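Trainee: I'm passing along input.cif; it holds mmCIF, C-alpha atoms.
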```
data_data
#
loop_
_atom_site.label_atom_id
_atom_site.label_comp_id
_atom_site.auth_asym_id
_atom_site.auth_seq_id
_atom_site.Cartn_x
_atom_site.Cartn_y
_atom_site.Cartn_z
CA MET S 1076 141.38 95.26 133.66
CA LEU S 1077 141.26 98.53 131.71
CA LEU S 1078 138.92 99.68 128.96
CA ARG S 1079 142.01 99.77 126.75
CA HIS S 1080 142.35 95.97 126.99
CA LEU S 1081 138.79 95.51 125.73
CA ARG S 1082 139.23 97.88 122.80
CA TYR S 1083 142.47 96.13 121.86
CA LEU S 1084 140.75 92.73 121.88
CA SER S 1085 137.86 94.03 119.79
CA ALA S 1086 140.25 95.58 117.24
CA VAL S 1087 142.26 92.37 116.80
CA VAL S 1088 139.11 90.35 116.09
CA GLU S 1089 137.74 93.04 113.79
CA HIS S 1090 140.93 93.20 111.71
CA GLY S 1091 141.79 89.50 112.01
CA SER S 1092 145.42 90.46 112.55
CA PHE S 1093 147.63 91.82 115.31
CA THR S 1094 149.60 93.80 112.73
CA ARG S 1095 146.60 95.55 111.19
CA ALA S 1096 144.99 96.13 114.59
CA ALA S 1097 148.21 97.67 115.93
CA GLN S 1098 148.37 99.99 112.92
CA ALA S 1099 144.75 101.05 113.40
CA LEU S 1100 145.28 101.63 117.12
CA HIS S 1101 148.66 103.38 116.63
CA VAL S 1102 150.45 101.08 119.07
CA SER S 1103 153.31 98.62 118.62
CA GLN S 1104 152.44 95.02 117.86
CA PRO S 1105 154.43 93.61 120.83
CA ALA S 1106 152.62 95.98 123.20
CA LEU S 1107 149.27 94.95 121.76
CA SER S 1108 150.05 91.24 122.07
CA GLN S 1109 151.19 91.72 125.65
CA GLN S 1110 147.96 93.52 126.60
CA ILE S 1111 145.82 90.74 125.12
CA ARG S 1112 147.80 88.05 126.94
CA GLN S 1113 147.38 89.95 130.21
CA LEU S 1114 143.64 90.00 129.64
CA GLU S 1115 143.56 86.26 128.90
CA GLN S 1116 145.60 85.54 132.03
CA GLU S 1117 143.30 87.64 134.16
CA LEU S 1118 140.21 85.90 132.83
CA GLY S 1119 141.81 82.47 132.82
CA VAL S 1120 140.57 81.62 129.29
CA GLN S 1121 141.97 81.76 125.76
CA LEU S 1122 140.16 84.51 123.87
CA LEU S 1123 141.96 84.33 120.52
CA ASP S 1124 142.84 81.53 118.13
CA ARG S 1125 146.24 82.48 116.73
CA THR S 1126 146.90 79.27 114.76
CA GLY S 1127 145.33 80.18 111.41
CA LYS S 1128 146.18 82.77 108.78
CA ALA S 1129 143.74 85.15 110.40
CA VAL S 1130 143.38 85.69 114.12
CA ARG S 1131 139.84 84.94 115.25
CA ALA S 1132 137.91 84.77 118.50
CA THR S 1133 137.57 81.42 120.26
CA ASP S 1134 134.09 80.41 121.41
CA ALA S 1135 134.89 81.91 124.80
CA GLY S 1136 136.26 85.03 123.13
CA ALA S 1137 133.16 85.49 120.95
CA THR S 1138 130.89 85.16 123.97
CA TYR S 1139 133.03 87.58 125.95
CA LEU S 1140 133.07 90.11 123.09
CA SER S 1141 129.28 90.07 122.76
CA HIS S 1142 129.11 91.42 126.32
CA VAL S 1143 132.01 93.80 125.70
CA HIS S 1144 130.28 95.36 122.68
CA ARG S 1145 127.11 95.81 124.70
CA ALA S 1146 129.21 97.56 127.36
CA PHE S 1147 130.76 99.79 124.69
CA ARG S 1148 127.29 100.94 123.63
CA GLU S 1149 126.41 101.82 127.21
CA ILE S 1150 129.71 103.66 127.67
CA ASP S 1151 129.10 105.66 124.49
CA ALA S 1152 125.59 106.50 125.70
CA ALA S 1153 127.03 107.61 129.05
CA ARG S 1154 129.55 109.81 127.24
CA ARG S 1155 126.79 111.51 125.25
CA ALA S 1156 124.72 111.96 128.39
CA ALA S 1157 127.63 113.64 130.16
CA ARG S 1158 128.13 115.99 127.21
CA ASP S 1159 124.43 116.68 126.70
CA VAL S 1160 123.61 120.36 126.87
CA ASN S 1161 120.10 120.89 128.15
CA ASP S 1162 119.88 124.49 126.95
CA LEU S 1163 120.33 123.18 123.37
CA SER S 1164 123.22 125.55 122.71
CA SER S 1165 124.98 122.53 121.20
CA GLY S 1166 124.34 118.86 120.58
CA MET S 1167 123.70 116.25 117.92
CA LEU S 1168 120.70 114.31 116.63
CA ARG S 1169 121.13 111.13 114.58
CA LEU S 1170 117.96 110.42 112.59
CA GLY S 1171 117.34 107.43 110.35
CA PHE S 1172 114.48 107.23 107.86
CA THR S 1173 113.23 105.03 105.06
CA PRO S 1174 113.88 106.61 101.62
CA SER S 1175 110.25 107.34 100.70
CA PHE S 1176 110.04 109.98 103.43
CA SER S 1177 112.68 112.08 101.66
CA GLY S 1178 109.97 113.20 99.25
CA TYR S 1179 107.82 115.09 101.72
CA LEU S 1180 108.77 114.69 105.36
CA ILE S 1181 112.48 114.92 106.07
CA ALA S 1182 113.48 118.20 104.38
CA PRO S 1183 110.67 120.40 105.79
CA LEU S 1184 111.03 118.75 109.18
CA ALA S 1185 114.81 119.32 109.24
CA ARG S 1186 114.29 122.91 108.11
CA ARG S 1187 111.89 123.63 110.95
CA PHE S 1188 114.15 122.02 113.51
CA ARG S 1189 117.17 123.97 112.28
CA GLU S 1190 115.26 127.25 112.37
CA LYS S 1191 114.44 126.67 116.04
CA TYR S 1192 117.69 124.96 117.13
CA PRO S 1193 120.45 126.19 114.77
CA ARG S 1194 123.29 124.93 116.98
CA ILE S 1195 122.19 121.29 116.93
CA PHE S 1196 124.02 119.18 114.36
CA LEU S 1197 121.68 116.91 112.37
CA GLU S 1198 122.87 113.62 110.90
CA LEU S 1199 120.21 112.35 108.47
CA THR S 1200 120.60 108.83 107.05
CA ALA S 1201 118.32 107.03 104.60
CA LEU S 1202 118.21 103.31 105.43
CA SER S 1203 116.14 100.22 104.82
CA GLN S 1204 113.72 99.10 107.54
CA ASP S 1205 116.06 96.28 108.59
CA GLU S 1206 119.05 98.65 108.73
CA ILE S 1207 117.08 101.09 110.87
CA GLU S 1208 116.18 98.41 113.40
CA THR S 1209 119.80 97.17 113.56
CA ASN S 1210 121.26 100.67 113.95
CA LEU S 1211 118.77 101.56 116.68
CA ALA S 1212 119.61 98.37 118.57
CA ASP S 1213 123.34 99.15 118.22
CA ASP S 1214 122.77 102.75 119.41
CA LYS S 1215 123.94 104.22 116.10
CA LEU S 1216 120.73 106.23 115.78
CA ASP S 1217 118.85 108.34 118.31
CA CYS S 1218 115.52 107.79 116.58
CA ALA S 1219 114.06 106.89 113.21
CA ILE S 1220 110.98 107.44 111.10
CA ALA S 1221 109.76 104.27 109.43
CA PHE S 1222 106.75 102.10 108.78
CA TRP S 1223 105.26 100.02 111.54
CA ALA S 1224 106.48 96.42 111.64
CA SER S 1225 104.98 94.07 114.21
CA SER S 1226 108.21 92.05 114.34
CA VAL S 1227 110.19 94.86 115.96
CA THR S 1228 111.57 93.85 119.39
CA GLY S 1229 113.53 95.99 121.83
CA ILE S 1230 112.36 99.11 119.99
CA ALA S 1231 109.55 101.43 121.06
CA ALA S 1232 107.18 102.61 118.31
CA GLN S 1233 105.19 105.84 118.59
CA PRO S 1234 102.42 106.26 115.97
CA LEU S 1235 102.75 109.43 113.87
CA HIS S 1236 100.34 109.38 110.95
CA THR S 1237 98.79 107.19 108.29
CA GLU S 1238 100.37 107.42 104.86
CA ARG S 1239 98.16 107.23 101.79
CA LEU S 1240 99.51 106.54 98.31
CA SER S 1241 97.81 108.52 95.52
CA LEU S 1242 98.32 109.49 91.90
CA VAL S 1243 100.53 112.60 91.78
CA GLY S 1244 100.91 114.87 88.75
CA ARG S 1245 101.40 118.47 87.62
CA TYR S 1246 98.72 120.95 88.66
CA ASP S 1247 97.65 121.32 85.01
CA HIS S 1248 97.68 117.60 84.13
CA ALA S 1249 94.36 116.41 82.70
CA ALA S 1250 94.16 113.57 85.25
CA MET S 1251 94.08 116.13 88.06
CA THR S 1252 90.69 117.42 86.86
CA HIS S 1253 89.07 114.20 88.12
CA GLU S 1254 88.09 113.63 91.76
CA SER S 1255 89.65 110.16 91.70
CA ILE S 1256 91.46 107.83 89.29
CA ASP S 1257 90.08 104.36 88.50
CA VAL S 1258 91.81 101.36 86.91
CA ALA S 1259 91.21 102.52 83.36
CA GLY S 1260 92.56 105.96 84.19
CA ILE S 1261 95.74 104.52 85.68
CA GLU S 1262 96.47 102.28 82.70
CA LYS S 1263 96.29 105.06 80.12
CA GLU S 1264 98.77 107.35 81.90
CA GLU S 1265 102.52 107.26 81.30
CA MET S 1266 104.13 106.71 84.69
CA VAL S 1267 107.47 107.17 86.43
CA LEU S 1268 107.93 105.08 89.57
CA LEU S 1269 110.59 104.31 92.14
CA ASN S 1270 112.44 101.12 91.32
CA ARG S 1271 111.67 97.77 92.90
CA THR S 1272 114.18 98.12 95.74
CA PHE S 1273 111.82 100.57 97.46
CA ALA S 1274 109.14 99.35 99.85
CA THR S 1275 106.77 101.89 98.29
CA ARG S 1276 107.21 100.34 94.84
CA GLN S 1277 106.71 96.85 96.22
CA THR S 1278 103.43 97.98 97.81
CA ILE S 1279 102.32 99.51 94.49
CA ASP S 1280 103.21 96.39 92.50
CA LYS S 1281 101.26 94.15 94.89
CA HIS S 1282 98.25 96.43 94.56
CA PHE S 1283 98.44 96.41 90.75
CA LYS S 1284 98.72 92.62 90.65
CA ARG S 1285 95.88 92.11 93.12
CA HIS S 1286 93.49 94.21 91.04
CA GLY S 1287 94.70 93.21 87.57
CA ILE S 1288 96.05 96.68 86.76
CA LYS S 1289 98.61 96.90 83.93
CA PRO S 1290 100.35 100.26 84.36
CA ASN S 1291 102.25 102.01 81.56
CA ILE S 1292 105.58 102.51 83.36
CA VAL S 1293 108.04 104.34 81.09
CA ILE S 1294 110.72 105.34 83.64
CA GLU S 1295 112.02 103.81 86.87
CA THR S 1296 114.44 105.63 89.17
CA SER S 1297 116.17 105.19 92.51
CA SER S 1298 116.11 108.95 93.15
CA MET S 1299 113.10 110.56 94.78
CA THR S 1300 114.37 113.99 93.68
CA THR S 1301 114.60 112.89 90.03
CA LEU S 1302 111.16 111.33 90.16
CA ILE S 1303 109.51 114.49 91.51
CA GLU S 1304 111.32 116.73 89.02
CA LEU S 1305 110.19 114.52 86.13
CA VAL S 1306 106.58 114.82 87.27
CA ARG S 1307 106.86 118.59 87.77
CA SER S 1308 108.37 119.16 84.33
CA SER S 1309 106.48 116.71 82.11
CA SER S 1310 103.20 114.94 81.47
CA LEU S 1311 104.32 111.91 83.50
CA VAL S 1312 102.44 110.94 86.65
CA THR S 1313 103.56 108.86 89.62
CA ILE S 1314 102.24 107.16 92.74
CA LEU S 1315 103.57 108.61 95.97
CA PRO S 1316 102.27 109.63 99.39
CA ASP S 1317 99.72 112.39 98.82
CA ALA S 1318 101.65 114.57 101.30
CA VAL S 1319 104.33 115.02 98.60
CA ALA S 1320 101.99 117.55 96.97
CA PHE S 1321 101.18 119.50 100.15
CA GLU S 1322 104.21 121.82 100.08
CA ARG S 1323 104.48 122.02 96.28
CA ASP S 1324 102.16 124.46 94.52
CA ASP S 1325 102.82 122.89 91.13
CA LEU S 1326 101.76 119.36 92.12
CA ARG S 1327 98.36 117.82 92.80
CA PHE S 1328 97.19 114.39 93.97
CA ARG S 1329 94.10 112.31 93.33
CA PRO S 1330 92.93 109.19 95.22
CA LEU S 1331 93.13 105.83 93.47
CA LEU S 1332 90.16 103.48 93.04
CA PRO S 1333 90.57 100.87 94.35
CA ALA S 1334 92.70 102.50 97.04
CA ILE S 1335 96.12 101.19 98.02
CA ASP S 1336 96.30 99.96 101.62
CA GLU S 1337 97.32 102.73 103.98
CA ARG S 1338 100.58 102.41 105.93
CA ARG S 1339 101.23 103.44 109.52
CA VAL S 1340 104.21 105.74 109.97
CA VAL S 1341 105.92 105.53 113.36
CA LEU S 1342 108.76 107.07 115.32
CA LEU S 1343 111.15 104.34 116.45
CA GLN S 1344 113.48 104.55 119.46
CA ARG S 1345 115.48 102.01 121.40
CA GLU S 1346 113.59 100.86 124.49
CA GLY S 1347 115.30 102.17 127.60
CA GLY S 1348 117.80 104.17 125.55
CA TYR S 1349 119.10 107.55 126.65
CA ARG S 1350 117.05 110.52 125.37
CA SER S 1351 119.26 113.57 124.86
CA ALA S 1352 117.91 117.11 125.04
CA ALA S 1353 118.37 117.36 121.28
CA ALA S 1354 116.34 114.17 120.76
CA ARG S 1355 113.54 115.40 123.02
CA ALA S 1356 113.43 118.74 121.17
CA PHE S 1357 113.37 116.98 117.81
CA ILE S 1358 110.51 114.71 118.83
CA ALA S 1359 108.49 117.73 119.99
CA THR S 1360 109.13 119.42 116.62
CA LEU S 1361 108.16 116.22 114.80
CA GLU S 1362 104.90 115.83 116.71
CA LEU S 1363 103.85 119.41 115.90
CA PHE S 1364 104.77 118.95 112.23
CA VAL S 1365 102.77 115.72 112.00
CA GLU S 1366 99.73 117.43 113.54
CA GLU S 1367 99.88 120.01 110.74
CA LEU S 1368 100.42 117.28 108.15
CA ASN S 1369 97.38 115.36 109.36
CA ALA S 1370 95.28 118.53 109.35
CA ALA S 1371 96.36 119.26 105.77
CA SER S 1372 95.41 115.75 104.65
CA LEU S 1373 91.88 116.26 105.96
CA THR S 1374 91.43 119.38 103.89
#
```
What does the file become when written as structure tokens?

Mentor:
Amino acid sequence: MLLRHLRYLSAVVEHGSFTRAAQALHVSQPALSQQIRQLEQELGVQLLDRTGKAVRATDAGATYLSHVHRAFREIDAARRAARDVNDLSSGMLRLGFTPSFSGYLIAPLARRFREKYPRIFLELTALSQDEIETNLADDKLDCAIAFWASSVTGIAAQPLHTERLSLVGRYDHAAMTHESIDVAGIEKEEMVLLNRTFATRQTIDKHFKRHGIKPNIVIETSSMTTLIELVRSSSLVTILPDAVAFERDDLRFRPLLPAIDERRVVLLQREGGYRSAAARAFIATLELFVEELNAASLT
């Protein structure tokens, strides 16, 4: 049995057709069919159901492919390990993150990493929490920055910092003259918030409902960049992690009363997964950055 046989089988099931799989693999259909039959003969089981309009895996084939795909992930990890360059003169880091971190964490972190390791290619992908967990399990990410979820299995979580949501506005906004913002103060301000697909917005909405707060939301957006620019250039305020204002001289933040529940930010990695030199260097950069972030939050 050759690795080629396994990739051929996987492609046929993925495309549901010998013709389309052969086109994708750049082989002839008769050659592809012959390779699959050889595999079935060697295993002594029928792997494909060819009787319908679409070719699909039999029960035995589906079970077999679940192990094959796991083997593919290990082979890909072995390939990266063999190519890993410990002097960091080249390499790649695949980082996933939940969208709210794009407002204050990802850009400065990536900038610092690039300044220190300019030859490492960074692949940054914003994903939902569920997508992050799936991609880590499938070895499509080296690591991810997300919120702690107790349901995570097969994934190691390293605590980074505690995220606090605060009222954020321009440095010269009247609300920023107060030490904190209470319910009445929130309700009288015109607000721009992330839309309801964001975990941050869902947390805010639950907090408002719990405390009977009726916010004056005039704009919703799915873009963190748009939201921040609206706050920087107008009298609108928002609710975001207070760290958003740390690296922006024209923004300020004020705590909310009652305060929104804090959220634990963690670094996620696949348990037992291969750690490349690039990944180890990135984690060291991240840990140093978070130390500075935590120090800034105290001041």

Trainee: Mind giving me the straight-line distance from CA of Gly1171 in chain S to CA of Leu1361 in chain S in Å, one decimal?

Mentor: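 We find that CA of Gly1171 in chain S and CA of Leu1361 in chain S lie 13.5 Å from each other.
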
Trainee: May I have the residues at most 7 Å from (100.4, 119.6, 88.9) in the file's coordinates, counting all atoms listed in the file, as a list in words?

Mentor: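 Here is the list of nearby residues: Gly1244, Arg1245, Tyr1246, Asp1247, His1248, Arg1307, Asp1325, Leu1326 and Arg1327 of chain S.
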
Trainee: List the spatial neighbours of Glu1295 in chain S as number ranges by chain - criterion: any atom at most 7 Å away, all atoms listed in the file, same-chain residues fewer than 4 positions off excluded.

Mentor: S: 1267-1270

Trainee: Run through the PyMOL selection byres ((chain S and resi 1369-1371) around 12) on the given coordinates and return the selected residues as a PDB file with C-alpha atoms, in the frame of the given file.

Mentor:
```pdb
ATOM      1  CA  LEU S1235     102.750 109.430 113.870  1.00  0.00           C
ATOM      2  CA  HIS S1236     100.340 109.380 110.950  1.00  0.00           C
ATOM      3  CA  THR S1237      98.790 107.190 108.290  1.00  0.00           C
ATOM      4  CA  GLU S1238     100.370 107.420 104.860  1.00  0.00           C
ATOM      5  CA  ARG S1239      98.160 107.230 101.790  1.00  0.00           C
ATOM      6  CA  ASP S1317      99.720 112.390  98.820  1.00  0.00           C
ATOM      7  CA  ALA S1318     101.650 114.570 101.300  1.00  0.00           C
ATOM      8  CA  VAL S1319     104.330 115.020  98.600  1.00  0.00           C
ATOM      9  CA  ALA S1320     101.990 117.550  96.970  1.00  0.00           C
ATOM     10  CA  PHE S1321     101.180 119.500 100.150  1.00  0.00           C
ATOM     11  CA  GLU S1322     104.210 121.820 100.080  1.00  0.00           C
ATOM     12  CA  VAL S1340     104.210 105.740 109.970  1.00  0.00           C
ATOM     13  CA  GLU S1362     104.900 115.830 116.710  1.00  0.00           C
ATOM     14  CA  LEU S1363     103.850 119.410 115.900  1.00  0.00           C
ATOM     15  CA  PHE S1364     104.770 118.950 112.230  1.00  0.00           C
ATOM     16  CA  VAL S1365     102.770 115.720 112.000  1.00  0.00           C
ATOM     17  CA  GLU S1366      99.730 117.430 113.540  1.00  0.00           C
ATOM     18  CA  GLU S1367      99.880 120.010 110.740  1.00  0.00           C
ATOM     19  CA  LEU S1368     100.420 117.280 108.150  1.00  0.00           C
ATOM     20  CA  SER S1372      95.410 115.750 104.650  1.00  0.00           C
ATOM     21  CA  LEU S1373      91.880 116.260 105.960  1.00  0.00           C
ATOM     22  CA  THR S1374      91.430 119.380 103.890  1.00  0.00           C
TER      23      THR S1374
END
```

Trainee: Just so the selection is clear, what residues does the PyMOL selection byres ((chain S and resi 1293) around 8) cover here, as a list in words?

Mentor: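 When the PyMOL selection byres ((chain S and resi 1293) around 8) is applied to the shown file, the picked residues are Glu1265, Met1266, Val1267, Asn1291, Ile1292, Ile1294 and Glu1295 of chain S.
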
Trainee: Can you tell me which residues surround Ile1207 in chain S at a distance of at most 9 Å, considering all atoms listed in the file, apart from same-chain residues fewer than 5 positions away, and format the answer as a list in words?

Mentor: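 Residues meeting the cut-off are Gly1171, Phe1172, Thr1173, Ala1201, Leu1202, Ala1212, Leu1216, Cys1218, Ala1219, Ile1220, Ala1221 and Leu1343 of chain S.
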
Trainee: Around the point (141.1, 84.6, 116.4), in the coordinates given by the file, pick out the residues reaching within 12 Å, counting all atoms listed in the file, and return them as a VMD selection string.

Mentor: chain S and resid 1084 to 1093 1111 1121 to 1137 1140

Trainee: Taking the file above as input, evaluate the PyMOL selection byres ((chain S and resi 1081) around 12) and report the hits as a ChimeraX atom specification.

Mentor: /S:1076-1080,1082-1088,1107,1110-1115,1122,1136,1139-1147

Trainee: Which residue out of S:Val1243, S:Gly1178, S:Val1312, S:Lys1281 has the minimum interatomic distance to Lys1263 in chain S when all atoms listed in the file are used?

Mentor: S:Val1312

Trainee: Would you pick out the contacts of Ala1250 in chain S at 9 Å or less, using all atoms listed in the file, so that residues sharing its chain but fewer than 3 positions from it are not included, and give the list as a PyMOL selection string?

Mentor: chain S and resi 1242+1244+1247+1253-1256+1260+1264+1312+1329

Trainee: To one decimal in Å, tell me the separation between CA of Ile1358 in chain S and CA of Asp1336 in chain S.

Mentor: 26.8 Å
